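Colleague: Pasting entry.txt here (compact mmCIF, C-alpha atoms):
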```txt
# COMPACT_ATOMS: atom_id res chain seq x y z
CA MET A 1 0.00 0.00 0.00
CA SER A 2 2.94 2.32 0.49
CA GLY A 3 3.76 5.05 -1.96
CA ILE A 4 0.24 5.68 -3.28
CA ASN A 5 -0.39 9.42 -3.33
CA ARG A 6 -3.82 11.03 -3.54
CA ARG A 7 -4.42 14.76 -3.82
CA ASN A 8 -7.84 16.05 -2.88
CA PHE A 9 -9.01 19.56 -3.70
CA VAL A 10 -11.96 21.44 -2.30
CA LYS A 11 -15.16 20.53 -4.11
CA GLY A 12 -18.27 22.58 -3.70
CA ALA A 13 -17.24 24.41 -0.53
CA SER A 14 -18.32 28.01 -0.53
CA ALA A 15 -15.88 30.81 0.13
CA ALA A 16 -17.93 31.74 3.17
CA ALA A 17 -17.63 28.24 4.65
CA ALA A 18 -13.89 28.19 4.09
CA ALA A 19 -13.50 31.64 5.60
CA GLY A 20 -15.59 30.63 8.57
CA LEU A 21 -13.18 27.82 9.39
CA ALA A 22 -10.05 29.88 8.76
CA GLY A 23 -10.15 31.27 12.27
CA CYS A 24 -10.55 27.76 13.65
CA ILE A 25 -7.42 26.46 11.96
CA GLY A 26 -5.36 29.57 12.47
CA GLY A 27 -5.23 30.72 8.83
CA GLY A 28 -2.04 30.75 6.83
CA GLY A 29 -0.62 27.35 6.10
CA SER A 30 1.79 25.93 3.56
CA ASP A 31 1.31 26.87 -0.08
CA ASP A 32 1.20 23.19 -1.04
CA GLY A 33 -1.47 22.31 1.52
CA LEU A 34 -1.49 19.73 4.29
CA ARG A 35 0.61 16.56 4.02
CA TRP A 36 -0.69 13.50 5.86
CA ILE A 37 0.77 9.98 5.91
CA GLY A 38 -0.85 6.88 7.34
CA PRO A 39 -2.30 3.40 6.69
CA ALA A 40 -5.30 3.02 4.39
CA TRP A 41 -7.65 2.13 7.25
CA SER A 42 -6.79 5.41 8.97
CA ALA A 43 -6.61 7.93 6.13
CA ARG A 44 -9.25 7.27 3.50
CA ASP A 45 -10.15 9.38 0.47
CA GLU A 46 -13.44 10.43 2.03
CA GLN A 47 -11.75 11.87 5.13
CA ALA A 48 -9.34 13.91 3.03
CA ALA A 49 -12.15 15.13 0.78
CA LYS A 50 -14.19 16.15 3.82
CA TYR A 51 -11.28 18.22 5.13
CA SER A 52 -10.94 20.00 1.77
CA GLU A 53 -14.69 20.54 1.56
CA MET A 54 -14.75 22.14 5.00
CA THR A 55 -11.63 24.30 4.77
CA GLY A 56 -10.94 25.02 1.11
CA ASN A 57 -7.39 23.71 1.63
CA GLU A 58 -5.55 21.08 -0.35
CA ILE A 59 -4.56 17.87 1.41
CA ASP A 60 -2.03 15.39 0.06
CA VAL A 61 -2.40 11.93 1.60
CA THR A 62 0.24 9.23 1.31
CA THR A 63 -0.99 5.74 2.12
CA ALA A 64 1.74 3.68 3.78
CA THR A 65 2.17 0.74 6.12
CA ILE A 66 3.06 1.53 9.72
CA PRO A 67 6.72 0.47 9.29
CA THR A 68 6.95 2.74 6.25
CA VAL A 69 5.47 5.67 8.19
CA GLN A 70 8.06 5.11 10.90
CA GLN A 71 10.94 4.77 8.44
CA ARG A 72 10.05 7.95 6.59
CA LEU A 73 9.49 10.12 9.66
CA LEU A 74 12.54 8.81 11.52
CA GLY A 75 14.65 8.85 8.38
CA GLY A 76 14.53 12.60 7.83
CA GLU A 77 11.17 13.35 6.18
CA ASN A 78 9.69 14.77 9.37
CA SER A 79 10.41 18.28 8.04
CA SER A 80 8.24 17.81 4.95
CA ILE A 81 5.22 15.99 6.45
CA ASP A 82 2.61 17.66 8.67
CA ALA A 83 0.59 14.81 10.18
CA TYR A 84 0.85 11.06 10.63
CA SER A 85 -1.47 8.23 11.58
CA VAL A 86 -0.57 4.83 12.97
CA GLU A 87 -2.03 2.63 15.71
CA THR A 88 -0.76 2.05 19.20
CA SER A 89 1.83 -0.60 18.33
CA GLY A 90 3.57 1.95 16.11
CA ALA A 91 3.06 5.21 18.00
CA GLY A 92 5.66 4.84 20.75
CA ALA A 93 8.58 4.88 18.31
CA LEU A 94 7.43 8.24 16.92
CA ALA A 95 7.35 10.21 20.18
CA ASP A 96 10.44 12.25 19.25
CA VAL A 97 8.86 13.47 15.99
CA THR A 98 5.47 14.30 17.53
CA ILE A 99 4.13 17.69 18.62
CA PRO A 100 1.70 17.27 21.55
CA THR A 101 -1.81 18.61 21.00
CA PRO A 102 -3.34 20.78 23.78
CA THR A 103 -6.88 19.70 24.49
CA ASP A 104 -7.95 23.35 24.78
CA GLU A 105 -7.15 23.65 21.05
CA LEU A 106 -9.79 20.98 20.29
CA ASP A 107 -13.31 22.32 20.76
CA ASN A 108 -14.83 18.85 20.35
CA TRP A 109 -12.56 17.20 22.92
CA ASP A 110 -14.80 17.72 25.94
CA GLU A 111 -13.75 15.41 28.78
CA THR A 112 -17.39 15.17 29.87
CA GLN A 113 -18.33 13.93 26.39
CA VAL A 114 -15.32 11.67 25.68
CA SER A 115 -15.24 8.11 26.97
CA ASP A 116 -13.38 7.75 30.25
CA ALA A 117 -11.49 4.88 28.64
CA PHE A 118 -9.47 7.77 27.18
CA THR A 119 -9.73 10.42 29.87
CA ASN A 120 -9.27 8.03 32.80
CA PRO A 121 -8.20 4.57 31.59
CA GLY A 122 -6.61 3.73 34.94
CA GLU A 123 -10.07 3.70 36.53
CA ARG A 124 -12.31 2.67 33.62
CA LEU A 125 -10.04 -0.21 32.59
CA SER A 126 -8.58 -0.92 36.02
CA TYR A 127 -8.96 -4.68 35.56
CA LEU A 128 -6.09 -4.49 33.04
CA GLY A 129 -3.66 -3.63 35.82
CA ALA A 130 -0.31 -2.31 34.59
CA GLN A 131 -1.54 -2.33 31.00
CA THR A 132 -3.36 0.93 31.74
CA ASP A 133 0.00 2.61 32.34
CA THR A 134 0.92 1.92 28.73
CA ILE A 135 -2.39 3.42 27.59
CA ASN A 136 -1.70 6.63 29.49
CA ASP A 137 1.89 6.76 28.23
CA LEU A 138 0.68 6.81 24.64
CA LEU A 139 -2.31 9.09 25.19
CA TRP A 140 -0.89 11.91 27.28
CA ALA A 141 2.20 14.13 27.09
CA ASP A 142 1.81 15.43 30.65
CA ASP A 143 0.59 14.14 34.00
CA GLU A 144 -2.05 16.87 34.19
CA GLN A 145 -3.57 15.55 30.93
CA THR A 146 -3.68 18.91 29.21
CA GLU A 147 -1.82 17.74 26.07
CA LEU A 148 -2.52 14.64 24.00
CA GLN A 149 0.65 12.89 22.88
CA PHE A 150 -1.18 10.71 20.37
CA PRO A 151 -4.75 12.00 19.85
CA PRO A 152 -7.10 9.04 19.16
CA HIS A 153 -9.55 9.12 16.26
CA ALA A 154 -10.56 5.45 15.79
CA TYR A 155 -10.25 2.22 17.71
CA ASN A 156 -11.51 -1.32 17.86
CA PHE A 157 -11.73 -4.49 19.88
CA ASP A 158 -10.25 -7.23 17.71
CA ALA A 159 -11.56 -10.75 18.11
CA VAL A 160 -11.99 -14.11 16.43
CA GLY A 161 -13.96 -14.27 13.18
CA TYR A 162 -15.67 -17.52 12.24
CA ASN A 163 -18.02 -19.08 9.71
CA PRO A 164 -21.21 -20.10 11.57
CA LYS A 165 -21.85 -22.84 8.98
CA PHE A 166 -18.93 -24.77 10.47
CA VAL A 167 -18.30 -23.20 13.90
CA ASP A 168 -21.10 -23.08 16.47
CA GLU A 169 -19.52 -20.43 18.71
CA ALA A 170 -16.19 -18.88 19.62
CA SER A 171 -15.52 -16.52 22.50
CA ARG A 172 -11.85 -17.16 23.36
CA TRP A 173 -8.55 -17.08 21.49
CA SER A 174 -8.24 -20.76 22.41
CA ALA A 175 -10.65 -21.52 19.57
CA LEU A 176 -7.83 -20.82 17.07
CA PHE A 177 -5.94 -23.78 18.54
CA ASP A 178 -8.90 -26.16 18.94
CA GLU A 179 -8.09 -29.52 17.33
CA GLN A 180 -11.54 -29.75 15.75
CA TYR A 181 -10.47 -26.90 13.42
CA GLU A 182 -7.14 -28.49 12.50
CA GLY A 183 -6.12 -27.34 9.05
CA GLN A 184 -8.96 -24.81 8.95
CA SER A 185 -7.63 -22.06 11.24
CA VAL A 186 -5.83 -18.99 9.93
CA ILE A 187 -3.61 -16.59 11.86
CA GLY A 188 -1.65 -13.44 11.02
CA GLU A 189 2.10 -13.09 10.58
CA THR A 190 2.49 -9.95 12.71
CA ALA A 191 4.51 -10.82 15.82
CA ALA A 192 3.10 -8.06 18.04
CA ILE A 193 -0.42 -9.33 17.35
CA THR A 194 -0.19 -13.10 17.02
CA ILE A 195 2.11 -13.70 20.01
CA PRO A 196 -0.16 -11.93 22.55
CA GLN A 197 -3.17 -13.85 21.23
CA ALA A 198 -1.31 -17.08 21.89
CA LEU A 199 -0.21 -15.82 25.31
CA MET A 200 -3.80 -15.04 26.31
CA HIS A 201 -4.66 -18.66 25.54
CA MET A 202 -1.57 -20.02 27.30
CA VAL A 203 -1.85 -17.94 30.48
CA ASP A 204 -5.55 -18.73 30.78
CA THR A 205 -4.93 -22.47 30.40
CA ASP A 206 -1.91 -22.48 32.75
CA MET A 207 0.57 -23.32 29.99
CA VAL A 208 2.72 -20.35 30.99
CA ASP A 209 2.94 -18.10 34.05
CA GLY A 210 1.64 -14.55 33.79
CA ASP A 211 -1.24 -12.23 34.58
CA ILE A 212 -3.35 -9.80 32.64
CA GLY A 213 -1.26 -6.81 33.70
CA ASP A 214 1.85 -7.93 31.80
CA LEU A 215 0.29 -9.55 28.74
CA ASN A 216 1.18 -6.64 26.44
CA ASN A 217 4.79 -6.42 27.58
CA PRO A 218 5.96 -10.04 27.80
CA THR A 219 9.31 -11.25 29.10
CA GLN A 220 11.78 -13.19 26.99
CA GLU A 221 10.67 -16.37 28.75
CA GLN A 222 7.03 -15.71 27.88
CA LEU A 223 7.96 -14.90 24.30
CA ASP A 224 9.94 -18.12 24.01
CA ALA A 225 7.03 -20.14 25.36
CA ALA A 226 4.51 -18.52 23.00
CA ILE A 227 6.67 -18.82 19.89
CA ASP A 228 7.61 -22.43 20.64
CA PHE A 229 3.90 -23.20 21.07
CA LEU A 230 3.01 -21.53 17.77
CA ILE A 231 5.76 -23.45 15.97
CA GLU A 232 4.38 -26.71 17.37
CA GLN A 233 0.89 -25.76 16.21
CA LYS A 234 2.13 -24.81 12.76
CA GLU A 235 4.16 -28.01 12.30
CA ALA A 236 1.20 -30.10 13.51
CA GLY A 237 -0.97 -28.65 10.74
CA GLN A 238 -3.34 -26.58 12.88
CA PHE A 239 -3.25 -23.62 10.50
CA ARG A 240 -4.61 -23.66 6.97
CA THR A 241 -2.17 -20.85 6.32
CA THR A 242 -0.84 -17.67 7.86
CA TRP A 243 -1.77 -14.30 6.43
CA GLU A 244 0.50 -11.32 5.94
CA ALA A 245 -1.77 -8.96 4.01
CA TYR A 246 -5.34 -8.12 5.01
CA GLY A 247 -6.74 -9.44 1.73
CA GLU A 248 -5.23 -12.87 2.30
CA SER A 249 -7.37 -13.39 5.41
CA VAL A 250 -10.46 -12.36 3.44
CA THR A 251 -9.66 -14.75 0.59
CA GLN A 252 -9.12 -17.72 2.90
CA MET A 253 -12.35 -17.16 4.83
CA ALA A 254 -14.47 -16.16 1.81
CA GLY A 255 -13.38 -19.28 -0.08
CA GLU A 256 -14.13 -21.40 3.04
CA GLU A 257 -10.62 -22.84 3.00
CA ALA A 258 -10.48 -21.53 6.57
CA VAL A 259 -13.47 -21.44 8.90
CA ILE A 260 -11.97 -19.51 11.84
CA GLY A 261 -9.26 -16.92 12.21
CA ASP A 262 -7.85 -13.85 13.97
CA LEU A 263 -9.58 -11.44 11.61
CA TRP A 264 -9.76 -7.69 11.71
CA GLN A 265 -13.40 -6.62 11.81
CA PRO A 266 -13.23 -4.91 8.38
CA ALA A 267 -11.97 -8.25 7.02
CA ALA A 268 -15.00 -9.98 8.52
CA MET A 269 -17.21 -7.41 6.78
CA ASP A 270 -15.41 -8.02 3.47
CA VAL A 271 -15.89 -11.77 3.85
CA ARG A 272 -19.62 -11.10 4.10
CA ARG A 273 -19.47 -8.89 1.02
CA GLU A 274 -18.07 -11.89 -0.85
CA GLY A 275 -21.24 -13.78 0.08
CA THR A 276 -19.75 -15.96 2.83
CA PRO A 277 -21.24 -15.75 6.33
CA CYS A 278 -18.86 -14.52 9.01
CA THR A 279 -19.57 -13.85 12.69
CA TYR A 280 -17.29 -11.63 14.75
CA ALA A 281 -16.95 -13.12 18.20
CA THR A 282 -18.19 -11.66 21.46
CA MET A 283 -15.15 -12.37 23.61
CA GLU A 284 -15.69 -13.56 27.16
CA GLY A 285 -13.26 -11.12 28.77
CA GLY A 286 -10.77 -11.78 31.51
CA ILE A 287 -7.44 -13.16 30.30
CA GLN A 288 -8.97 -14.01 26.90
CA GLY A 289 -10.57 -10.68 26.12
CA TYR A 290 -10.49 -8.42 23.09
CA ARG A 291 -7.24 -7.19 21.61
CA TYR A 292 -7.75 -3.42 21.99
CA TRP A 293 -5.92 -0.69 20.07
CA PHE A 294 -6.52 2.85 18.92
CA GLY A 295 -5.34 4.86 15.96
CA GLY A 296 -4.58 8.55 16.09
CA ILE A 297 -3.65 11.65 14.14
CA ALA A 298 -0.67 13.64 15.42
CA PRO A 299 1.25 16.70 14.16
CA VAL A 300 4.80 16.01 13.00
CA ASP A 301 7.78 17.77 14.56
CA PRO A 302 9.10 19.98 13.03
CA GLY A 303 7.08 19.67 9.78
CA ALA A 304 3.71 20.96 10.97
CA ARG A 305 5.28 23.93 12.77
CA GLU A 306 7.87 24.93 10.15
CA ARG A 307 5.33 24.60 7.33
CA ASP A 308 2.78 26.66 9.27
CA ASN A 309 0.30 23.77 9.29
CA LEU A 310 -0.05 23.06 13.00
CA GLY A 311 -3.50 24.64 13.10
CA ALA A 312 -4.50 22.75 9.97
CA VAL A 313 -3.61 19.40 11.56
CA ARG A 314 -5.72 20.29 14.57
CA SER A 315 -8.59 21.18 12.25
CA LEU A 316 -8.27 17.80 10.51
CA LEU A 317 -8.57 16.13 13.90
CA ASN A 318 -11.14 18.37 15.59
CA ASP A 319 -13.44 19.48 12.77
CA VAL A 320 -13.45 16.30 10.67
CA HIS A 321 -12.74 13.43 13.06
CA TYR A 322 -14.29 14.75 16.26
CA GLY A 323 -17.32 16.07 14.39
CA ALA A 324 -20.75 14.62 13.56
CA TRP A 325 -20.00 13.00 10.19
CA TYR A 326 -17.00 10.77 10.89
CA PRO A 327 -18.54 8.38 13.50
CA GLY A 328 -21.11 7.08 11.02
CA PHE A 329 -18.56 6.88 8.23
CA VAL A 330 -15.95 4.88 10.16
CA GLN A 331 -18.51 2.56 11.78
CA GLY A 332 -19.06 1.06 8.34
CA TRP A 333 -15.73 -0.73 8.86
CA GLY A 334 -16.49 -1.58 12.48
CA TYR A 335 -14.48 1.19 14.16
CA SER A 336 -15.66 3.47 16.97
CA VAL A 337 -14.83 7.03 18.05
CA PRO A 338 -13.77 8.53 21.42
CA HIS A 339 -16.60 11.09 21.57
CA TYR A 340 -19.52 8.69 21.16
CA GLU A 341 -20.90 9.81 24.51
CA ASN A 342 -21.75 13.17 22.91
CA GLU A 343 -25.10 11.83 21.71
CA GLU A 344 -26.43 15.32 21.03
CA LEU A 345 -23.84 15.56 18.25
CA VAL A 346 -22.95 12.00 17.24
CA ARG A 347 -26.43 10.45 17.45
CA ASP A 348 -28.91 13.25 16.93
CA GLY A 349 -27.03 16.30 15.69
CA SER A 350 -25.07 17.84 12.85
CA ASP A 351 -22.28 20.34 12.34
CA ASP A 352 -20.22 21.74 9.49
CA SER A 353 -18.92 18.24 8.71
CA GLY A 354 -22.41 16.81 8.14
CA GLU A 355 -25.08 14.74 9.83
CA GLY A 356 -24.71 12.49 12.86
CA MET A 357 -25.46 8.79 12.79
CA GLY A 358 -29.16 8.99 13.58
CA PRO A 359 -30.99 6.93 16.21
CA GLU A 360 -31.11 3.51 14.54
CA TYR A 361 -27.47 3.40 13.41
CA TYR A 362 -26.13 4.86 16.67
CA ASP A 363 -28.18 2.56 18.89
CA TRP A 364 -27.08 -0.45 16.83
CA ALA A 365 -23.41 0.56 16.94
CA TYR A 366 -23.06 1.72 20.54
CA ARG A 367 -26.02 0.46 22.57
CA GLY A 368 -26.31 -3.05 21.14
CA GLU A 369 -29.89 -2.51 19.89
CA SER A 370 -31.43 -4.40 16.96
CA THR A 371 -32.11 -2.87 13.58
CA TYR A 372 -35.66 -1.65 13.00
CA ASP A 373 -36.06 -4.05 10.06
CA ALA A 374 -35.80 -7.83 10.21
CA VAL A 375 -32.58 -9.35 8.89
CA ASP A 376 -32.74 -12.88 7.49
CA GLU A 377 -29.02 -13.70 7.70
CA PRO A 378 -27.21 -11.75 10.46
CA ALA A 379 -23.85 -13.28 9.51
CA LEU A 380 -24.19 -11.59 6.11
CA PHE A 381 -25.39 -8.22 7.42
CA ASP A 382 -23.53 -5.23 5.93
CA PRO A 383 -23.94 -1.90 7.76
CA GLN A 384 -22.80 -0.03 4.66
CA GLU A 385 -25.70 -1.43 2.61
CA TYR A 386 -28.49 -1.24 5.18
CA ASP A 387 -30.92 1.70 4.92
CA TRP A 388 -30.60 3.30 8.38
CA SER A 389 -33.57 5.30 9.63
CA ASP A 390 -33.15 8.94 10.66
CA GLU A 391 -36.30 8.74 12.76
CA GLU A 392 -36.82 7.12 16.14
CA GLY A 393 -38.22 3.61 15.81
CA ASP A 394 -38.54 0.26 17.54
CA PRO A 395 -35.84 -2.42 17.47
CA ASN A 396 -37.05 -5.54 15.67
CA SER A 397 -36.81 -8.83 17.54
CA ASP A 398 -35.65 -10.38 14.25
CA GLY A 399 -33.27 -7.54 13.47
CA SER A 400 -29.49 -7.61 13.38
CA THR A 401 -27.40 -6.59 16.38
CA ARG A 402 -23.81 -5.44 16.18
CA ASP A 403 -21.29 -8.23 16.54
CA SER A 404 -19.53 -8.11 19.94
CA GLY A 405 -22.38 -6.23 21.62
CA PRO A 406 -22.71 -2.76 23.25
CA ILE A 407 -19.57 -0.68 23.46
CA GLU A 408 -19.49 -0.56 27.25
CA GLU A 409 -19.47 -4.37 27.33
CA ARG A 410 -16.61 -4.38 24.85
CA PHE A 411 -14.66 -2.01 27.09
CA ASP A 412 -15.41 -4.32 30.02
CA ASN A 413 -13.99 -7.35 28.21
CA ILE A 414 -10.57 -6.25 26.91
CA GLY A 415 -7.74 -8.69 27.55
CA PHE A 416 -4.86 -6.98 25.82
CA PHE A 417 -3.88 -3.42 24.86
CA GLN A 418 -1.70 -3.47 21.78
CA ILE A 419 1.73 -1.80 22.04
CA TRP A 420 5.30 -2.32 20.83
CA PRO A 421 6.84 -4.24 23.76
CA ASP A 422 10.14 -3.58 25.51
CA GLU A 423 11.53 -6.90 24.27
CA ALA A 424 10.62 -6.11 20.66
CA ASP A 425 14.08 -6.86 19.24
CA TYR A 426 14.13 -10.28 20.88
CA MET A 427 10.54 -10.89 19.78
CA GLN A 428 11.38 -10.11 16.16
CA ASP A 429 14.48 -12.31 16.21
CA ARG A 430 12.52 -15.28 17.56
CA TRP A 431 9.59 -14.58 15.25
CA GLY A 432 11.79 -15.55 12.34
CA ASP A 433 11.83 -19.08 13.76
CA PHE A 434 8.04 -19.26 13.50
CA LEU A 435 7.93 -17.89 9.95
CA ALA A 436 10.60 -20.36 8.86
CA ALA A 437 8.92 -23.38 10.48
```
Can you turn what I pasted into structure tokens?
Modeller:
Amino acid sequence: MSGINRRNFVKGASAAAAAGLAGCIGGGGSDDGLRWIGPAWSARDEQAAKYSEMTGNEIDVTTATIPTVQQRLLGGENSSIDAYSVETSGAGALADVTIPTPTDELDNWDETQVSDAFTNPGERLSYLGAQTDTINDLLWADDEQTELQFPPHAYNFDAVGYNPKFVDEASRWSALFDEQYEGQSVIGETAAITIPQALMHMVDTDMVDGDIGDLNNPTQEQLDAAIDFLIEQKEAGQFRTTWEAYGESVTQMAGEEAVIGDLWQPAAMDVRREGTPCTYATMEGGIQGYRYWFGGIAPVDPGARERDNLGAVRSLLNDVHYGAWYPGFVQGWGYSVPHYENEELVRDGSDDSGEGMGPEYYDWAYRGESTYDAVDEPALFDPQEYDWSDEEGDPNSDGSTRDSGPIEERFDNIGFFQIWPDEADYMQDRWGDFLAA
């Protein structure tokens, strides 16, 4: 995906609308517009076009993998790029090229309207123990929490995806290693993702010592145990294949060569769009809970400041991503937003970015309510194709509910917060043994 450039120009925005936002973003700016780099899931065409529509400014988006984002920003291009997006496993390495964002510069970051999983993770997610320290370290630049180090704009609770034609139910990572799915399970080739999933299974089943507080920062001994276990599973034929690229997981599941896997939720949606049923698991919580991560948009140091685009980056974050339009847009891929508690805006309101989600879509996405219309095959339901009502209505007992349930239950059932661990070099060295097996 790296190296694909897309330039979006303002389309249909009036001069008055652009002028109205000029004060919000501080005016000025680089002559060649705003430069943003990030993965495709984070920086889509529609988000860039919305920014141009609202501000009248050009935005040049480079789609790149997280390692490529890191390489470019740490390799000297941090003077020519204004904003970056990654997710939490890639954010820590970029702290030295990040300009913190004061919350008082973000009108839509209201701590009374943002989930306390972001404003106070130590309390809201206290069951994660020491893992909450790593959440705070990535979120905040100061102890007083006046400046966001890595401002979140999307997040998810990754789980097991399975074909209900062949799998009755799955609610733990252990299902990936269940002998009844030998040769029909698929797992990813990303060490920082696959190893913790194995560790959740192994700690919960007493195969290795550990507790939930240290799952996301394993020791060398824990890494050795997990990788040796995965090698044994691979050599025994448990996995139909391993997937490196997102599309590979979709192909395996859509073709029913695999019936269960560690899918991203957008992949599960794409499997459905290929006509193959796919259920995204409701994880049971505890040691074997969701794999939680968030993505963010942060200004680049010194690029955003030297190019006079610091205000423009904050507008991209505040006006587009913390506005009314983005929550409904990004939910189509299964992702949620930090300010969902602002129901007056996100559910029922509108702003310069557009309309909120409306009652049916919001209640389905965040409250766990059923759709107003009956759905014959829930495992084929596509939120991007459903005709969501803008009027209040009654949930249908035969309607579709969102996979994994209400958002507060998802927050209650996290097992692992995704980061780049302290023993990353050792992890990567040992991971080569698994790939070669």
Colleague: Do you know which residues are at most 8 Å from A:Tyr366 counting all atoms listed in the file, after dropping those on the same chain fewer than 3 positions away, and could you put them as a list in words?
Modeller: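 Contacts, in chain order: Tyr340, Tyr362, Asp363, Pro406, Ile407 and Glu408 of chain A.
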Colleague: Could you pull the residues within 10 Å of stretch 194-210 of chain A, counting only C-alpha atoms, minus those fewer than 3 positions along the same chain, as a ChimeraX atom specification?
Modeller: /A:159,172-177,187-191,213-219,221-227,229-230,262,286-291,415-418,427,431
Colleague: Neighbouring residues of A:Val337 were defined as those with any atom within 7 Å, considering only C-alpha atoms; residues of the same chain fewer than 2 positions away were excluded. Please report them as a ChimeraX atom specification.
Modeller: /A:153-155,327,339-340
Colleague: Measuring atom to atom with only C-alpha atoms, identify which of A:Thr132, A:Gln233, A:Ser389, A:Ser80 is nearest to A:Asp60.
Modeller: A:Ser80
Colleague: Taking only C-alpha atoms into account, name the residue in A:Thr241, A:Ser42, A:Ser171, A:Ser315 that is nearest to A:Asp352.
Modeller: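 For A:Asp352, the nearest of the candidates is A:Ser315.
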Colleague: Which one is closest to A:Asp211: A:Gln131, A:Gln180, A:Asn120, A:Asn163? Count all atoms listed in the file.
Modeller: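 For A:Asp211, the nearest of the given residues is A:Gln131.
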Colleague: Can you tell me, as JSON, numbers by chain, what residues are no more than 10 Å from A:Arg410 when counting only C-alpha atoms, ignoring any on the same chain fewer than 3 positions away?
Modeller: {"A": [156, 157, 158, 282, 283, 284, 285, 289, 290, 292, 366, 404, 405, 406, 407, 413, 414]}
Colleague: Sorted by chain and rising residue number, which residues of stretch 255-327 of chain A lie within 7 Å of stretch 72-79 of chain A, and what are their closest atom pairs and distances in Å to one decimal, counting all atoms listed in the file, as JSON lines?
Modeller:
```
{"residue": "A:Val300", "atom": "CA", "partner": "A:Asn78", "partner_atom": "CA", "distance": 6.2}
{"residue": "A:Asp301", "atom": "CA", "partner": "A:Asn78", "partner_atom": "CA", "distance": 6.3}
{"residue": "A:Pro302", "atom": "CA", "partner": "A:Ser79", "partner_atom": "CA", "distance": 5.4}
{"residue": "A:Gly303", "atom": "CA", "partner": "A:Ser79", "partner_atom": "CA", "distance": 4.0}
```
Colleague: Give me, please, the distance in Å between atom CA of A:Ser350 and atom CA of A:Pro121, quoted to one decimal.
Modeller: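 Between atom CA of A:Ser350 and atom CA of A:Pro121 the gap works out to 28.5 Å.
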Colleague: Which residue, A:Glu182, A:Asp82, A:Glu123, A:Asp116, has the smallest gap to A:Thr98 when you use all atoms listed in the file?
Modeller: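 Of the candidates, the smallest distance to A:Thr98 is held by A:Asp82.
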Colleague: State, in Å with one decimal place, the distance from atom CA of A:Ala379 to atom CA of A:Thr401.
Modeller: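 Between atom CA of A:Ala379 and atom CA of A:Thr401 the gap works out to 10.2 Å.
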Colleague: Report, in Å with one decimal, the straight-line distance from atom CA of A:Tyr335 to atom CA of A:Tyr361.
Modeller: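 Separating atom CA of A:Tyr335 from atom CA of A:Tyr361 is a distance of 13.2 Å.
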Colleague: Identify which of the residues A:Glu144, A:Glu58, A:Asp403, A:Asp398 lies closest to A:Val375, counting only C-alpha atoms when measuring atom-to-atom distances.
Modeller: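 Using only C-alpha atoms, the shortest distance to A:Val375 belongs to A:Asp398.
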Colleague: Given the choices A:Thr134, A:Gly332, A:Glu369, A:Val160, which gets closest to A:Glu385 if the distance is worked out from only C-alpha atoms?
Modeller: A:Gly332
Colleague: Pick out the residues sitting within 6 Å of A:Ile260, and hand them over as a list in words; count only C-alpha atoms, and ignore anything fewer than 2 positions along from it in its own chain.
Modeller: Gly161, Tyr162, Ser185 and Ala258 of chain A
